Each structure stands twice: as C-alpha cells, then as structure tokens.
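Trainee: What follows is final_23.tsv, TSV, C-alpha atoms and all ligand atoms.
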chain	number	residue	atom	x	y	z
A	236	MET	CA	-61.96	63.44	65.84
A	237	SER	CA	-64.03	66.23	64.23
A	238	THR	CA	-64.79	66.23	60.52
A	239	THR	CA	-63.27	68.69	58.04
A	240	ASP	CA	-65.65	71.33	56.67
A	241	ILE	CA	-65.32	71.52	52.87
A	242	THR	CA	-67.74	74.42	52.39
A	243	GLY	CA	-66.24	76.71	49.74
A	244	ALA	CA	-63.35	74.32	48.97
A	245	THR	CA	-62.61	73.58	45.30
A	246	ALA	CA	-62.87	69.90	44.34
A	247	LEU	CA	-61.91	68.59	40.90
A	248	VAL	CA	-63.47	65.27	39.85
A	249	THR	CA	-62.38	63.42	36.70
A	250	GLY	CA	-64.92	61.25	34.89
A	251	ALA	CA	-67.69	63.42	36.35
A	252	SER	CA	-70.13	63.15	33.43
A	253	ARG	CA	-71.86	59.93	34.54
A	254	GLY	CA	-71.65	56.88	36.84
A	255	PHE	CA	-69.58	57.12	40.03
A	256	GLY	CA	-68.11	60.49	39.01
A	257	SER	CA	-71.53	62.16	38.78
A	258	GLY	CA	-72.44	60.70	42.22
A	259	ILE	CA	-69.16	61.99	43.68
A	260	ALA	CA	-69.67	65.44	42.13
A	261	ALA	CA	-73.23	65.60	43.51
A	262	ALA	CA	-72.15	64.54	47.02
A	263	LEU	CA	-69.26	67.03	47.16
A	264	SER	CA	-71.48	69.79	45.82
A	265	LYS	CA	-74.10	68.96	48.51
A	266	ALA	CA	-71.33	69.14	51.13
A	267	GLY	CA	-70.68	72.74	50.03
A	268	ALA	CA	-67.70	72.38	47.69
A	269	ARG	CA	-67.31	74.12	44.34
A	270	VAL	CA	-66.88	71.17	41.95
A	271	VAL	CA	-64.93	71.24	38.69
A	272	GLY	CA	-66.15	68.23	36.68
A	273	VAL	CA	-63.89	66.89	33.92
A	274	ALA	CA	-64.94	64.45	31.17
A	275	ARG	CA	-64.95	64.38	27.37
A	276	ASP	CA	-68.71	64.50	26.83
A	277	HIS	CA	-69.71	68.15	27.03
A	278	GLU	CA	-73.48	67.49	26.81
A	279	GLN	CA	-73.50	65.08	29.76
A	280	LEU	CA	-71.51	67.59	31.83
A	281	GLN	CA	-74.04	70.31	30.93
A	282	ARG	CA	-76.85	68.03	32.10
A	283	LEU	CA	-75.12	67.70	35.50
A	284	HIS	CA	-74.61	71.46	35.57
A	285	SER	CA	-78.36	71.99	35.18
A	286	GLU	CA	-78.98	69.56	38.08
A	287	LEU	CA	-76.32	70.90	40.47
A	288	GLY	CA	-76.30	74.59	39.54
A	289	ASP	CA	-73.43	77.05	39.35
A	290	SER	CA	-71.37	75.36	42.07
A	291	PHE	CA	-70.60	72.77	39.33
A	292	ILE	CA	-68.13	73.89	36.65
A	293	PRO	CA	-68.10	71.61	33.57
A	294	VAL	CA	-64.78	71.20	31.76
A	295	ALA	CA	-64.70	69.06	28.61
A	296	ALA	CA	-61.20	67.55	28.38
A	297	ASP	CA	-59.29	64.28	28.07
A	298	ALA	CA	-58.19	63.67	31.68
A	299	ALA	CA	-55.34	61.44	30.48
A	300	GLY	CA	-53.97	64.06	28.08
A	301	PRO	CA	-50.37	65.28	28.49
A	302	VAL	CA	-51.18	68.84	29.60
A	303	THR	CA	-54.69	68.53	31.11
A	304	ALA	CA	-53.62	67.99	34.72
A	305	GLY	CA	-51.11	70.84	34.76
A	306	GLN	CA	-53.47	73.29	33.05
A	307	LEU	CA	-56.49	72.53	35.25
A	308	ILE	CA	-54.56	72.46	38.53
A	309	ASP	CA	-53.06	75.86	37.65
A	310	ALA	CA	-56.45	77.24	36.58
A	311	TYR	CA	-58.58	76.04	39.53
A	312	ARG	CA	-56.11	75.35	42.39
A	313	PRO	CA	-58.22	72.49	43.83
A	314	SER	CA	-57.63	71.31	47.41
A	315	ILE	CA	-59.56	68.11	46.65
A	316	LEU	CA	-58.80	65.90	43.64
A	317	VAL	CA	-60.87	62.81	42.85
A	318	LEU	CA	-59.22	60.78	40.08
A	319	ASN	CA	-62.11	58.62	38.96
A	320	ALA	CA	-62.02	58.63	35.13
A	321	GLY	CA	-61.76	55.19	33.61
A	322	ALA	CA	-62.25	53.41	30.30
A	323	ALA	CA	-64.83	50.63	30.00
A	324	PRO	CA	-62.76	47.50	29.35
A	325	LEU	CA	-63.70	45.24	26.48
A	326	THR	CA	-65.24	42.20	28.17
A	327	ARG	CA	-63.90	39.05	26.55
A	328	PRO	CA	-61.57	36.17	27.48
A	329	LEU	CA	-57.82	36.80	27.50
A	330	GLN	CA	-57.06	35.20	24.13
A	331	HIS	CA	-59.64	37.39	22.39
A	332	HIS	CA	-57.89	40.59	23.49
A	333	THR	CA	-55.30	42.35	21.37
A	334	TRP	CA	-52.50	44.20	23.14
A	335	GLN	CA	-54.41	47.44	22.39
A	336	THR	CA	-57.63	46.27	24.07
A	337	PHE	CA	-55.73	44.55	26.91
A	338	SER	CA	-53.79	47.70	27.76
A	339	GLN	CA	-56.65	50.23	27.43
A	340	ASN	CA	-57.03	50.80	31.18
A	341	TRP	CA	-53.29	51.42	31.46
A	342	ASP	CA	-53.48	54.05	28.71
A	343	VAL	CA	-56.45	55.83	30.26
A	344	ASP	CA	-56.93	55.04	33.99
A	345	VAL	CA	-53.28	54.57	35.01
A	346	GLN	CA	-51.87	57.25	32.73
A	347	HIS	CA	-54.36	59.82	34.06
A	348	VAL	CA	-53.68	58.94	37.70
A	349	PHE	CA	-49.92	59.06	37.10
A	350	ARG	CA	-50.08	62.49	35.43
A	351	TRP	CA	-52.42	64.10	38.01
A	352	VAL	CA	-50.62	62.64	41.05
A	353	ARG	CA	-47.30	63.83	39.65
A	354	GLU	CA	-48.67	67.37	39.17
A	355	ALA	CA	-50.22	67.29	42.66
A	356	LEU	CA	-46.77	66.53	44.17
A	357	LEU	CA	-44.76	68.88	41.94
A	358	THR	CA	-47.06	71.93	42.02
A	359	PRO	CA	-47.61	71.12	44.96
A	360	LEU	CA	-51.25	71.28	46.06
A	361	ASP	CA	-51.80	73.36	49.20
A	362	PRO	CA	-51.08	71.73	52.59
A	363	GLY	CA	-54.24	69.98	53.88
A	364	SER	CA	-55.28	68.91	50.36
A	365	THR	CA	-56.65	65.42	49.64
A	366	VAL	CA	-56.24	63.25	46.54
A	367	ILE	CA	-58.55	60.25	46.12
A	368	THR	CA	-57.91	57.71	43.36
A	369	VAL	CA	-60.55	55.23	42.22
A	370	SER	CA	-59.07	51.73	41.99
A	371	SER	CA	-61.32	48.64	42.10
A	372	GLY	CA	-62.08	45.50	44.08
A	373	ALA	CA	-60.75	43.77	40.95
A	374	ALA	CA	-57.26	44.86	42.08
A	375	LEU	CA	-57.59	42.28	44.88
A	376	ARG	CA	-59.22	39.43	42.99
A	377	GLY	CA	-58.46	39.87	39.28
A	378	SER	CA	-61.01	40.32	36.48
A	379	PRO	CA	-60.49	37.50	33.96
A	380	LEU	CA	-62.83	38.93	31.31
A	381	SER	CA	-61.44	42.49	31.35
A	382	GLY	CA	-57.92	42.19	29.92
A	383	GLY	CA	-55.44	44.35	31.84
A	384	TYR	CA	-58.11	46.07	33.98
A	385	ALA	CA	-57.29	44.45	37.35
A	386	GLY	CA	-53.55	44.99	36.94
A	387	ALA	CA	-54.15	48.63	35.98
A	388	LYS	CA	-56.32	49.18	39.05
A	389	ALA	CA	-53.65	47.53	41.27
A	390	ALA	CA	-51.07	49.93	39.76
A	391	ILE	CA	-53.34	52.86	40.72
A	392	ARG	CA	-53.34	51.65	44.33
A	393	PHE	CA	-49.52	51.40	44.27
A	394	ILE	CA	-49.09	54.86	42.69
A	395	THR	CA	-51.34	56.34	45.41
A	396	ALA	CA	-49.32	54.71	48.20
A	397	TYR	CA	-46.02	55.84	46.63
A	398	ALA	CA	-47.39	59.40	46.42
A	399	ALA	CA	-48.48	59.30	50.08
A	400	ASP	CA	-44.92	58.35	50.98
A	401	GLU	CA	-43.42	61.16	48.83
A	402	SER	CA	-45.84	63.64	50.43
A	403	ASP	CA	-44.69	62.54	53.93
A	404	ARG	CA	-41.01	62.65	53.00
A	405	ALA	CA	-41.31	66.22	51.66
A	406	ASP	CA	-43.67	67.37	54.47
A	407	LEU	CA	-46.28	68.43	51.90
A	408	ASP	CA	-49.28	67.53	54.10
A	409	ILE	CA	-51.21	66.20	51.07
A	410	ARG	CA	-53.28	63.10	51.88
A	411	PHE	CA	-53.46	60.35	49.24
A	412	ARG	CA	-56.12	57.62	49.49
A	413	SER	CA	-57.35	54.99	47.05
A	414	VAL	CA	-60.81	53.48	47.10
A	415	LEU	CA	-61.55	49.97	45.79
A	416	PRO	CA	-65.29	49.75	44.97
A	417	GLN	CA	-67.05	46.44	44.51
A	418	LEU	CA	-68.45	45.64	41.03
A	419	THR	CA	-71.92	47.15	40.57
A	420	PRO	CA	-74.41	47.23	37.67
A	421	ALA	CA	-75.30	50.83	38.64
A	422	THR	CA	-73.07	52.32	35.91
A	423	SER	CA	-72.58	51.58	32.21
A	424	LEU	CA	-69.07	50.21	32.84
A	425	GLY	CA	-70.27	47.98	35.68
A	426	SER	CA	-73.41	46.71	33.95
A	427	ALA	CA	-71.37	45.53	30.91
A	428	ALA	CA	-69.01	43.62	33.25
A	429	VAL	CA	-71.90	42.09	35.22
A	430	ALA	CA	-73.56	40.95	31.95
A	431	ALA	CA	-70.28	39.35	30.79
A	432	TYR	CA	-69.68	37.50	34.09
A	433	ALA	CA	-73.32	36.32	34.19
A	434	ALA	CA	-73.02	34.98	30.61
A	435	ARG	CA	-69.74	33.28	31.52
A	436	GLN	CA	-71.51	31.46	34.37
A	437	GLY	CA	-74.41	30.59	32.07
A	438	VAL	CA	-76.99	32.49	34.15
A	439	ASP	CA	-79.04	35.59	33.40
A	440	VAL	CA	-78.15	38.95	34.96
A	441	ALA	CA	-81.01	38.81	37.49
A	442	ARG	CA	-79.84	35.40	38.76
A	443	TYR	CA	-76.20	36.56	38.89
A	444	LEU	CA	-77.13	39.63	40.93
A	445	GLU	CA	-79.34	37.61	43.26
A	446	THR	CA	-76.36	35.37	44.09
A	447	ALA	CA	-73.99	38.36	44.43
A	448	GLY	CA	-76.18	40.07	47.06
A	449	PRO	CA	-76.64	43.84	47.62
A	450	THR	CA	-74.96	46.12	45.08
A	451	LEU	CA	-73.38	49.56	45.43
A	452	THR	CA	-75.26	52.66	44.28
A	453	ILE	CA	-73.61	55.77	42.87
A	454	GLU	CA	-74.99	57.71	45.86
A	455	GLN	CA	-73.12	55.35	48.23
A	456	VAL	CA	-69.93	55.93	46.26
A	457	GLY	CA	-70.42	59.72	46.47
A	458	SER	CA	-71.05	59.56	50.19
A	459	ALA	CA	-68.06	57.24	50.86
A	460	VAL	CA	-65.65	59.45	48.90
A	461	THR	CA	-66.92	62.49	50.83
A	462	THR	CA	-66.27	60.61	54.09
A	463	LEU	CA	-62.70	59.81	53.03
A	464	ILE	CA	-62.14	63.53	52.39
A	465	THR	CA	-63.85	64.95	55.47
A	466	ASP	CA	-63.19	62.33	58.16
A	467	PRO	CA	-59.53	62.37	59.31
A	468	SER	CA	-60.01	59.08	61.19
A	469	HIS	CA	-59.94	57.35	57.77
A	470	ASP	CA	-56.15	57.46	57.77
A	471	ARG	CA	-55.26	54.32	55.80
A	472	ASN	CA	-53.92	54.47	52.21
A	473	ALA	CA	-56.59	52.22	50.69
A	474	TYR	CA	-60.21	51.29	51.43
A	475	VAL	CA	-62.50	48.63	50.00
A	476	LEU	CA	-66.03	49.95	49.33
A	477	THR	CA	-69.10	47.68	49.47
A	478	PRO	CA	-72.77	48.45	50.19
A	479	GLY	CA	-71.77	47.87	53.85
A	480	GLY	CA	-69.42	50.87	53.69
A	481	LEU	CA	-65.66	51.51	53.76
A	482	SER	CA	-63.17	49.07	55.27
A	483	PRO	CA	-59.34	49.11	55.20
A	484	ALA	CA	-58.06	47.21	52.14
A	485	PRO	CA	-56.09	44.04	52.91
A	501	LIG	N1	-68.90	50.36	38.07
A	501	LIG	C1	-68.17	49.51	38.74
A	501	LIG	O1	-68.62	48.40	39.05
A	501	LIG	C2	-66.77	49.88	39.19
A	501	LIG	C3	-66.19	49.10	40.21
A	501	LIG	C4	-64.91	49.45	40.65
A	501	LIG	C5	-64.24	50.53	40.09
A	501	LIG	N2	-64.83	51.26	39.10
A	501	LIG	C6	-64.09	52.41	38.58
A	501	LIG	O2	-64.84	53.58	38.86
A	501	LIG	C7	-64.53	54.60	37.90
A	501	LIG	C8	-65.82	55.15	37.32
A	501	LIG	O3	-66.47	54.08	36.63
A	501	LIG	P1	-68.03	54.05	36.31
A	501	LIG	O4	-68.49	52.68	36.61
A	501	LIG	O5	-68.69	55.23	36.88
A	501	LIG	O6	-67.94	54.13	34.70
A	501	LIG	P2	-68.74	55.00	33.61
A	501	LIG	O7	-70.16	55.15	33.99
A	501	LIG	O8	-68.39	54.41	32.30
A	501	LIG	O9	-68.06	56.45	33.75
A	501	LIG	C9	-66.72	56.64	33.37
A	501	LIG	C10	-66.43	58.12	33.42
A	501	LIG	O10	-65.06	58.33	33.05
A	501	LIG	C11	-65.03	59.31	32.02
A	501	LIG	N3	-63.87	59.12	31.18
A	501	LIG	C12	-63.45	58.02	30.52
A	501	LIG	N4	-62.31	58.27	29.85
A	501	LIG	C13	-62.00	59.58	30.08
A	501	LIG	C14	-60.95	60.43	29.67
A	501	LIG	N5	-59.97	60.01	28.87
A	501	LIG	N6	-60.95	61.72	30.11
A	501	LIG	C15	-61.95	62.19	30.90
A	501	LIG	N7	-62.95	61.41	31.33
A	501	LIG	C16	-62.99	60.13	30.91
A	501	LIG	C17	-66.37	59.16	31.28
A	501	LIG	O11	-66.74	60.35	30.62
A	501	LIG	P3	-66.53	60.64	29.05
A	501	LIG	O12	-66.78	59.36	28.32
A	501	LIG	O13	-67.53	61.73	28.79
A	501	LIG	O14	-65.13	61.15	28.92
A	501	LIG	C18	-67.30	58.93	32.47
A	501	LIG	O15	-67.64	60.15	33.07
A	501	LIG	C19	-63.63	53.93	36.85
A	501	LIG	O16	-62.29	54.26	37.13
A	501	LIG	C20	-63.89	52.45	37.07
A	501	LIG	O17	-62.83	51.63	36.66
A	501	LIG	C21	-66.09	50.98	38.64
Could the structure of this file be written out as structure tokens, please?
Mentor:
Amino acid sequence: MSTTDITGATALVTGASRGFGSGIAAALSKAGARVVGVARDHEQLQRLHSELGDSFIPVAADAAGPVTAGQLIDAYRPSILVLNAGAAPLTRPLQHHTWQTFSQNWDVDVQHVFRWVREALLTPLDPGSTVITVSSGAALRGSPLSGGYAGAKAAIRFITAYAADESDRADLDIRFRSVLPQLTPATSLGSAAVAAYAARQGVDVARYLETAGPTLTIEQVGSAVTTLITDPSHDRNAYVLTPGGLSPAP
C-alpha cells in the first residue's frame, strides 16, 4: 500500500509548545505539512516558530476551551488533527489527591478531545482527513500515583473508537486513531512521573530507568504519529508506542 503525501496539507497539533507536541509539529512540518500549533504559552510557540519557519503557525489558546475547537477548525480547515494537549498530573498517592487534582486530566485532556472530536464529526472535516488522539500506556496498566490520569486516557481511547464508528456510519471518510505512548522522561510531564515512581520504589531515577530499559524520544513520537497519518496500512483504532515502534493496542 503506498503512503499518503501530506505536502501542503494543513495539520493542527494541540499542546505543540513543548514535549511530544513539539516533536509531532516538527515531524509533520518536515513531511511538508503546514502546521498550526496550539498551546497557551505564546513564547514557547514563538521559539518553535523560529526553529520551523513560516510553515508553523503559532496560536496561543486553551485547547479545552468551549469555543476553541470550533473557531480554529473554521479558521484553518485542517485535514489532520493531532489532539495531544494534556495536563501534568499531580504525582501523589490516591488519598493525597482532592477531587480537583484527581479529575484534572478529565477537565483538560478528555474535555479537549471530546470537544475537538465532536467538531470534527459535526463540521465535518473533509473526506480523507485523519484525527489522532494521544492516550497513554497508562490506559492499559493504570497509574497509581497520578490520580484520574489513567482513567482519563482510557476515556480518550474510547471516545476515539466511538468517533471512528460514527464516521463509518455517516460515510464521512474521517480516520480516527489513538496512540498510547509508553512513559518517558523525555518531557516535563514524563520526567515528573518517572521521578515519582522511582521514589515510590526507593531507587534513584538513574536506577529506575536502567531497569525500565530504552525510553521513547520526542522524535520517535513525531515520526510514529506521522506514520499513523501517512501509512494507510495502520488501520487499527489504537496503537501502543514504545521505542520499538507502533503495535496494535490489546
Ligand atoms: N511523557 C510521557 O511519558 C507521556 C506518556 C504517555 C502519554 N503522554 C501524553 O502525551 C501528551 C503530551 O505530553 P508531554 O509529555 O509532551 O507533556 P508536556 O511536555 O507537559 O507538554 C504538554 C503540552 O500540552 C499543552 N497544554 C496543556 N494544557 C493545555 C491547554 N489547556 N490548552 C492547550 N495546550 C495545553 C502544554 O502547553 P501550554 O502549557 O503552553 O499550554 C504543552 O505544550 C499528553 O496528553 C500526555 O498525557 C505523555
């Protein structure tokens, strides 16, 4: 099966200012797409703009806000949406969470995916469009120090599968995929989680990482997301992502 050329296509990436999102924006830009990068920190987005050039359009906005998805889909008409924005969970045992800290990833990660996926179906995006949502390996195993994080990421996988079904039923020809990356210290969110799990096991971070084996880089995440968009043979709803690459999620 040949790969899809995304030269000149418009991709919109949420949470593009740093971490996985900046790696995804860089990979899509390298593949020839015009990339609209959404995050709240304007300065960080400007920094990425100076690295990637004018094919990267920075937009400072709250991706989980009530009108952001509708406004930006109308303004840019993307054919590729990567819903990656996510809050860094507070890392502490269950009983030390409040309902507010426990539910943070529902308020940000899930709410944003729900709003953007809904707009993608209702607008609808053009036939042949692709929507990728960033879930987590935690959706399969739990994340006992991160409050409601794992449940929120599992809900994102479900929402993506429901949307794929609605797209099929209405013949919209919009592909929906979720990606479940393995925990990595390569980002600020991941390094805080790794430090918490290392402390919980009573080992230092270096020892924890040695036991865990190879870790994902943001470049690998960018490349894997690009593959999900451009390679039609990746036709499953959800993929686990490790340093070894993409594999269908169980
Ligand atoms: N790192 C890991 O080990 C790992 C593993 C599996 C899954 N994930 C998931 O991968 C995604 C990216 O995480 P990361 O590790 O790259 O974290 P990160 O470095 O903390 O980056 C998070 C990004 O999301 C943005 N963001 C947060 N809230 C936002 C909002 N309301 N509106 C717009 N943008 C918002 C942040 O930008 P601003 O603060 O400027 O808004 C930032 O660009 C998350 O969904 C995370 O749960 C991470």
Trainee: Give the answer as one residue: which of A:Gly250, A:Gly243, A:Gly256, A:Gly386 has the shortest atom-to-atom distance to Ser290 in chain A, using only C-alpha atoms?
Mentor: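 Residue with the minimum atom-to-atom distance to Ser290 in chain A: A:Gly243.
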Trainee: Let me see if you get this right: every residue at most 6 Å from ligand LIG 501 (chain A), counting only C-alpha atoms and all ligand atoms, written as a PyMOL selection string.
Mentor: chain A and resi 249-256+273-276+296-299+319-323+343+369-372+416-419+422-425
Trainee: Using only C-alpha atoms, pick whichever of A:Val294, A:Ala389, A:Leu247, A:Leu283 has the shortest atom-to-atom distance to Val366 in chain A.
Mentor: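 Distance minimum relative to Val366 in chain A lands on A:Leu247.
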Trainee: Point out the residue among A:Tyr432, A:Leu318, A:Thr462, A:Thr450 with the least atom-to-atom distance to Ile391 in chain A, counting all atoms listed in the file.
Mentor: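 Looking at the shortest contact to Ile391 in chain A, the residue is A:Leu318.
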Trainee: Which residue out of A:Thr326, A:Ser482, A:Gln455, A:Ser364 has the minimum interatomic distance to Ile259 in chain A when all atoms listed in the file are used?
Mentor: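 Distance minimum relative to Ile259 in chain A lands on A:Gln455.
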Trainee: Tell me, as a list of chain:residue names, which residues lie within 12 Å of Tyr311 in chain A, counting all atoms listed in the file; anything in the same chain fewer than 5 positions away does not count.
Mentor: A:Ala244, A:Thr245, A:Ala246, A:Leu247, A:Val248, A:Arg269, A:Val270, A:Val271, A:Gly272, A:Val273, A:Ile292, A:Val294, A:Thr303, A:Ala304, A:Gly305, A:Gln306, A:Leu316, A:Leu360
Trainee: Find the distance between CA of Gly267 in chain A and CA of Ser314 in chain A and write it in Å to one decimal.
Mentor: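 Value for the CA of Gly267 in chain A-CA of Ser314 in chain A distance: 13.4 Å.
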Trainee: Looking at only C-alpha atoms, which of A:Pro467, A:Pro362, A:Pro301, A:Pro328 is the one that sits closest to Ser381 in chain A?
Mentor: A:Pro328
Trainee: Pick out the residues sitting within 10 Å of range 438-440 of chain A, and hand them over as a list in words; count only C-alpha atoms, and ignore anything fewer than 5 positions along from it in its own chain.
Mentor: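 Counting only C-alpha atoms, the residues come to Pro420, Ser426, Val429, Ala430, Ala431, Tyr432, Ala433, Glu445 and Thr446 of chain A.
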Trainee: Looking at only C-alpha atoms, which of A:Ala434, A:Leu375, A:Val456, A:Leu356 is the one that sits closest to Asp408 in chain A?
Mentor: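 Between A:Ala434, A:Leu375, A:Val456, A:Leu356, the residue approaching Asp408 in chain A most closely is A:Leu356.
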Trainee: Between CA of Gly382 in chain A and CA of Ser338 in chain A, what distance in Å does the model show, to one decimal?
Mentor: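 Taking CA of Gly382 in chain A as the start and CA of Ser338 in chain A as the end point, the length is 7.2 Å.
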Trainee: To one decimal place in Å, what is the distance between CA of Ile464 in chain A and CA of Lys265 in chain A?
Mentor: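 That distance, rounded to one decimal, is 13.7 Å.
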Trainee: Excluding Arg471 in chain A and any residue of its chain fewer than 5 positions from it, enumerate the residues within 10 Å of it, using all atoms listed in the file, and give them as a PDB file with C-alpha atoms, keeping the file's coordinate frame.
Mentor:
ATOM      1  CA  ALA A 396     -49.320  54.710  48.200  1.00  0.00           C
ATOM      2  CA  ARG A 410     -53.280  63.100  51.880  1.00  0.00           C
ATOM      3  CA  PHE A 411     -53.460  60.350  49.240  1.00  0.00           C
ATOM      4  CA  ARG A 412     -56.120  57.620  49.490  1.00  0.00           C
ATOM      5  CA  SER A 413     -57.350  54.990  47.050  1.00  0.00           C
ATOM      6  CA  LEU A 463     -62.700  59.810  53.030  1.00  0.00           C
ATOM      7  CA  SER A 482     -63.170  49.070  55.270  1.00  0.00           C
ATOM      8  CA  PRO A 483     -59.340  49.110  55.200  1.00  0.00           C
ATOM      9  CA  ALA A 484     -58.060  47.210  52.140  1.00  0.00           C
TER      10      ALA A 484
END
